[in-house]
Amino acid sequence: MARDVVGGAAPRGTLYLVSTPIGNLADLSHRAVAVLGEVAAILAEDTRHSHTLLAHYGIVTPVVAYHEHNEARESPRAVERLLAGESLALVSDAGTPLVSDPGARLVQAAVAAGVPVVAVPGASALLAALVSSGLAGERFTFFGFLPRTGTAHTVAVHAVATLPHVAVVYEAPGRVGATLAALAAAGGGERRAAVARELTKKFEEIRRGTVRELAAYYGERAPKGEVVLVIEGAGEAGQPPGEDALRTQAEALRRSGARAREVMAAMVAAGAPRNLAYRLAHEDAPAVGDRARAGEE
């Protein structure tokens, strides 16, 4: 197990970020099995879920709960153990830690404390869906789970719908139809897309079509299991939107309640140069004094 000696001080442990299977238990690497068996403890998002995997491989390492509700408390404790020379492994319920899962706080604290951080690569729903989608994957943006409601949702949908290259989105099964319909309404209806579900599992399925076709299909039948959406980029489907089209989109975002910085971010994501995005985000925006007087009236 790796050790790091700094200035003659006691050796520090290593924080391992271990990728675990997203469904098929055989996808745990030999290296991952070795690391999980040798560390002092495993920090797991759901200890019950992790025990199933560990039991399958005969790993008896102690498991400590580490999730979004206790990471503020557990991170300093973990760093103390690492500084004392113990090595720890962080795992999520499935896939690669920190990808739409907790762990960033711990990694940042470990790096700040001078603790070695080592990734043990493995399964990733994001990459599995991307490479099997049939869409170009040389350049892509991962959005994770989109905001559910409000202006943040509108801005995120617009960003995905106007992105010049491939977008990858995680989505809850009951919301797949609605999300695809929102993307179609935002101008992405004719773009190619893939809906990947239950990757590596018995009922794995990848359904391909246009965003509009898939929205109609999943609007009538919600998929089961874990779902990843892969959407073709606007620049890959045709020419990126011109200034007039971008202006129309910016106006629609402002009407939905988006702030100037949110509109600008969406314009940049759509492929607009930053100076154009700034101008479109602030066109027809009332000055501070005008807003104040409007409020007084």
# chains A, B, ... in the order shown; residues from 1 in each chain; ligands from 1
call {"tool": "residues_around", "arguments": {"residues": "Arg255 of chain A", "least_positions_apart": "4", "cutoff": "12 Å", "atoms": "only C-alpha atoms", "output": "NGL selection string"}}
result
:A and (151 or 154-155 or 248-251 or 259-260 or 263 or 281 or 284-285)
call {"tool": "write_last_selection", "arguments": {"atoms": "C-alpha atoms", "output": "PDB file, in the first residue's frame"}}
result
ATOM      1  CA  THR A 151     -35.548  28.927 -13.820  1.00  0.00           C
ATOM      2  CA  THR A 154     -35.211  26.102 -17.927  1.00  0.00           C
ATOM      3  CA  VAL A 155     -31.631  27.322 -18.226  1.00  0.00           C
ATOM      4  CA  THR A 248     -34.694  34.702 -29.705  1.00  0.00           C
ATOM      5  CA  GLN A 249     -33.461  32.085 -27.257  1.00  0.00           C
ATOM      6  CA  ALA A 250     -32.061  34.762 -24.931  1.00  0.00           C
ATOM      7  CA  GLU A 251     -35.383  36.593 -24.934  1.00  0.00           C
ATOM      8  CA  ARG A 259     -30.968  36.351 -14.747  1.00  0.00           C
ATOM      9  CA  ALA A 260     -28.423  37.964 -17.057  1.00  0.00           C
ATOM     10  CA  VAL A 263     -28.678  33.800 -19.949  1.00  0.00           C
ATOM     11  CA  ALA A 281     -27.823  38.598 -22.013  1.00  0.00           C
ATOM     12  CA  ASP A 284     -33.364  45.235 -23.166  1.00  0.00           C
ATOM     13  CA  ALA A 285     -32.456  44.596 -19.503  1.00  0.00           C
TER      14      ALA A 285
END
call {"tool": "residues_around", "arguments": {"residues": "segment 53-57 of chain A", "least_positions_apart": "2", "cutoff": "9 Å", "atoms": "only C-alpha atoms", "output": "number ranges by chain"}}
result
A: 20-21, 25, 33, 36-37, 49-51, 59-61
call {"tool": "closest_residue", "arguments": {"among": "A:Leu135, A:Ala270, A:Met264, A:Ala159", "to": "Gly209 of chain A", "atoms": "only C-alpha atoms"}}
result
A:Leu135
call {"tool": "atom_distance", "arguments": {"atom1": "atom CA of Ala112 of chain A", "atom2": "atom CA of Val18 of chain A"}}
result
20.2 Å
call {"tool": "residues_around", "arguments": {"residues": "Ile206 of chain A", "least_positions_apart": "4", "cutoff": "8 Å", "atoms": "only C-alpha atoms", "output": "PyMOL selection string"}}
result
chain A and resi 133+194-197
call {"tool": "write_last_selection", "arguments": {"atoms": "N, CA and C atoms", "output": "short mmCIF file (atom, residue, chain, number, x, y, z; two decimals), in the first residue's frame"}}
result
data_model
loop_
_atom_site.label_atom_id
_atom_site.label_comp_id
_atom_site.auth_asym_id
_atom_site.auth_seq_id
_atom_site.Cartn_x
_atom_site.Cartn_y
_atom_site.Cartn_z
N SER A 133 -23.69 4.77 -27.52
CA SER A 133 -24.83 5.54 -28.03
C SER A 133 -24.87 5.61 -29.55
N ALA A 194 -29.88 8.95 -27.57
CA ALA A 194 -29.95 7.57 -27.10
C ALA A 194 -30.37 7.58 -25.64
N VAL A 195 -31.23 6.67 -25.27
CA VAL A 195 -31.64 6.48 -23.88
C VAL A 195 -31.10 5.13 -23.45
N ALA A 196 -30.12 5.15 -22.55
CA ALA A 196 -29.49 3.92 -22.08
C ALA A 196 -29.97 3.63 -20.67
N ARG A 197 -30.44 2.43 -20.44
CA ARG A 197 -30.93 2.08 -19.10
C ARG A 197 -30.39 0.72 -18.66
#
call {"tool": "atom_distance", "arguments": {"atom1": "atom CA of Ile22 of chain A", "atom2": "atom CA of Thr149 of chain A"}}
result
27.7 Å
call {"tool": "residues_around", "arguments": {"residues": "Tyr16 of chain A", "least_positions_apart": "6", "cutoff": "9 Å", "atoms": "only C-alpha atoms", "output": "PyMOL selection string"}}
result
chain A and resi 35-36+39+87-91+116-120
call {"tool": "closest_residue", "arguments": {"among": "A:Gly242, A:Gly103, A:Pro147, A:Gly58", "to": "Thr162 of chain A", "atoms": "only C-alpha atoms"}}
result
A:Gly242
call {"tool": "select_by_dssp", "arguments": {"residues": "segment 120-206 of chain A", "states": "helix (DSSP H, G or I)", "output": "PyMOL selection string"}}
result
chain A and resi 125-132+150-162+173-188
call {"tool": "residues_around", "arguments": {"residues": "Phe143 of chain A", "least_positions_apart": "3", "cutoff": "9 Å", "atoms": "only C-alpha atoms", "output": "short mmCIF file (atom, residue, chain, number, x, y, z; two decimals) with C-alpha atoms, in the first residue's frame"}}
result
data_model
loop_
_atom_site.label_atom_id
_atom_site.label_comp_id
_atom_site.auth_asym_id
_atom_site.auth_seq_id
_atom_site.Cartn_x
_atom_site.Cartn_y
_atom_site.Cartn_z
CA LEU A 146 -30.68 18.51 -14.30
CA ALA A 156 -30.20 23.80 -17.98
CA VAL A 160 -28.35 21.00 -23.31
CA ALA A 167 -24.49 16.16 -23.97
CA VAL A 168 -24.76 13.38 -21.40
CA VAL A 169 -27.46 13.62 -18.72
CA TYR A 170 -28.45 11.40 -15.81
#
call {"tool": "residues_around", "arguments": {"residues": "Arg105 of chain A", "least_positions_apart": "3", "cutoff": "9 Å", "atoms": "only C-alpha atoms", "output": "JSON, numbers by chain"}}
result
{"A": [71, 72, 75, 102, 108, 109, 110]}
call {"tool": "write_last_selection", "arguments": {"atoms": "C-alpha atoms", "output": "compact mmCIF listing (two decimals), in the first residue's frame"}}
result
# COMPACT_ATOMS: atom_id res chain seq x y z
CA GLU A 71 -19.61 14.24 4.69
CA ALA A 72 -19.02 17.54 6.51
CA SER A 75 -14.26 14.26 6.07
CA PRO A 102 -20.42 12.68 -2.75
CA GLN A 108 -10.25 18.56 -1.49
CA ALA A 109 -9.46 18.18 2.21
CA ALA A 110 -7.02 15.35 1.52
call {"tool": "atom_distance", "arguments": {"atom1": "atom CA of Leu246 of chain A", "atom2": "atom CA of Ala178 of chain A"}}
result
23.8 Å
call {"tool": "residues_around", "arguments": {"residues": "Arg175 of chain A", "least_positions_apart": "6", "cutoff": "12 Å", "atoms": "only C-alpha atoms", "output": "CSV table (one decimal) with N, CA and C atoms, in the first residue's frame"}}
result
chain,number,residue,atom,x,y,z
A,145,PHE,N,-27.4,15.3,-13.1
A,145,PHE,CA,-28.9,15.4,-13.0
A,145,PHE,C,-29.3,16.9,-13.2
A,146,LEU,N,-30.2,17.1,-14.1
A,146,LEU,CA,-30.7,18.5,-14.3
A,146,LEU,C,-31.5,19.0,-13.1
A,147,PRO,N,-31.5,20.3,-12.8
A,147,PRO,CA,-32.5,20.8,-11.8
A,147,PRO,C,-33.9,20.4,-12.2
A,148,ARG,N,-34.7,20.2,-11.2
A,148,ARG,CA,-36.1,19.6,-11.5
A,148,ARG,C,-37.1,20.7,-12.0
A,149,THR,N,-37.0,21.9,-11.4
A,149,THR,CA,-38.0,22.9,-11.7
A,149,THR,C,-37.4,24.3,-11.7
A,169,VAL,N,-26.6,13.2,-19.9
A,169,VAL,CA,-27.5,13.6,-18.7
A,169,VAL,C,-27.9,12.4,-18.0
A,181,ALA,N,-39.1,15.8,-23.8
A,181,ALA,CA,-40.1,16.7,-24.3
A,181,ALA,C,-39.7,18.2,-24.2
A,182,ALA,N,-39.1,18.5,-23.0
A,182,ALA,CA,-38.6,19.9,-22.8
A,182,ALA,C,-37.4,20.2,-23.7
A,215,ALA,N,-39.1,11.2,-27.0
A,215,ALA,CA,-40.0,11.9,-26.0
A,215,ALA,C,-41.4,11.3,-26.1
A,218,TYR,N,-41.3,7.6,-24.5
A,218,TYR,CA,-41.2,7.5,-23.1
A,218,TYR,C,-42.2,8.4,-22.4
A,219,GLY,N,-42.9,9.2,-23.2
A,219,GLY,CA,-44.1,9.9,-22.6
A,219,GLY,C,-45.2,9.0,-22.3
A,220,GLU,N,-45.2,7.8,-23.0
A,220,GLU,CA,-46.3,6.9,-22.8
A,220,GLU,C,-45.9,5.7,-21.9
A,221,ARG,N,-44.6,5.5,-21.8
A,221,ARG,CA,-44.1,4.4,-20.9
A,221,ARG,C,-42.8,4.8,-20.3
A,222,ALA,N,-42.8,5.0,-19.0
A,222,ALA,CA,-41.6,5.3,-18.3
A,222,ALA,C,-40.7,4.1,-18.2
A,223,PRO,N,-39.4,4.3,-18.4
A,223,PRO,CA,-38.4,3.2,-18.3
A,223,PRO,C,-38.2,2.8,-16.9
A,224,LYS,N,-37.7,1.6,-16.7
A,224,LYS,CA,-37.3,1.2,-15.3
A,224,LYS,C,-35.8,1.2,-15.2
A,225,GLY,N,-35.3,1.4,-13.9
A,225,GLY,CA,-33.9,1.3,-13.7
A,225,GLY,C,-33.2,2.6,-13.8
A,226,GLU,N,-31.9,2.5,-13.8
A,226,GLU,CA,-31.0,3.7,-13.9
A,226,GLU,C,-31.0,4.1,-15.4
A,227,VAL,N,-31.0,5.4,-15.7
A,227,VAL,CA,-31.1,5.9,-17.0
A,227,VAL,C,-30.1,7.0,-17.3
A,228,VAL,N,-29.5,6.9,-18.5
A,228,VAL,CA,-28.5,7.9,-19.0
A,228,VAL,C,-29.0,8.4,-20.4
A,229,LEU,N,-29.1,9.7,-20.6
A,229,LEU,CA,-29.5,10.3,-21.9
A,229,LEU,C,-28.2,10.8,-22.6
call {"tool": "closest_residue", "arguments": {"among": "A:Thr179, A:Thr96, A:Thr14, A:Ser132", "to": "Val115 of chain A", "atoms": "only C-alpha atoms"}}
result
A:Thr14
call {"tool": "closest_residue", "arguments": {"among": "A:Arg274, A:Arg12, A:Arg192, A:Arg254", "to": "Arg207 of chain A", "atoms": "only C-alpha atoms"}}
result
A:Arg192
call {"tool": "closest_residue", "arguments": {"among": "A:Gly271, A:Leu15, A:Ala125, A:Asp244", "to": "Leu199 of chain A", "atoms": "only C-alpha atoms"}}
result
A:Ala125
call {"tool": "closest_residue", "arguments": {"among": "A:Glu38, A:Glu232, A:Glu80, A:Glu198", "to": "Gly114 of chain A", "atoms": "only C-alpha atoms"}}
result
A:Glu80
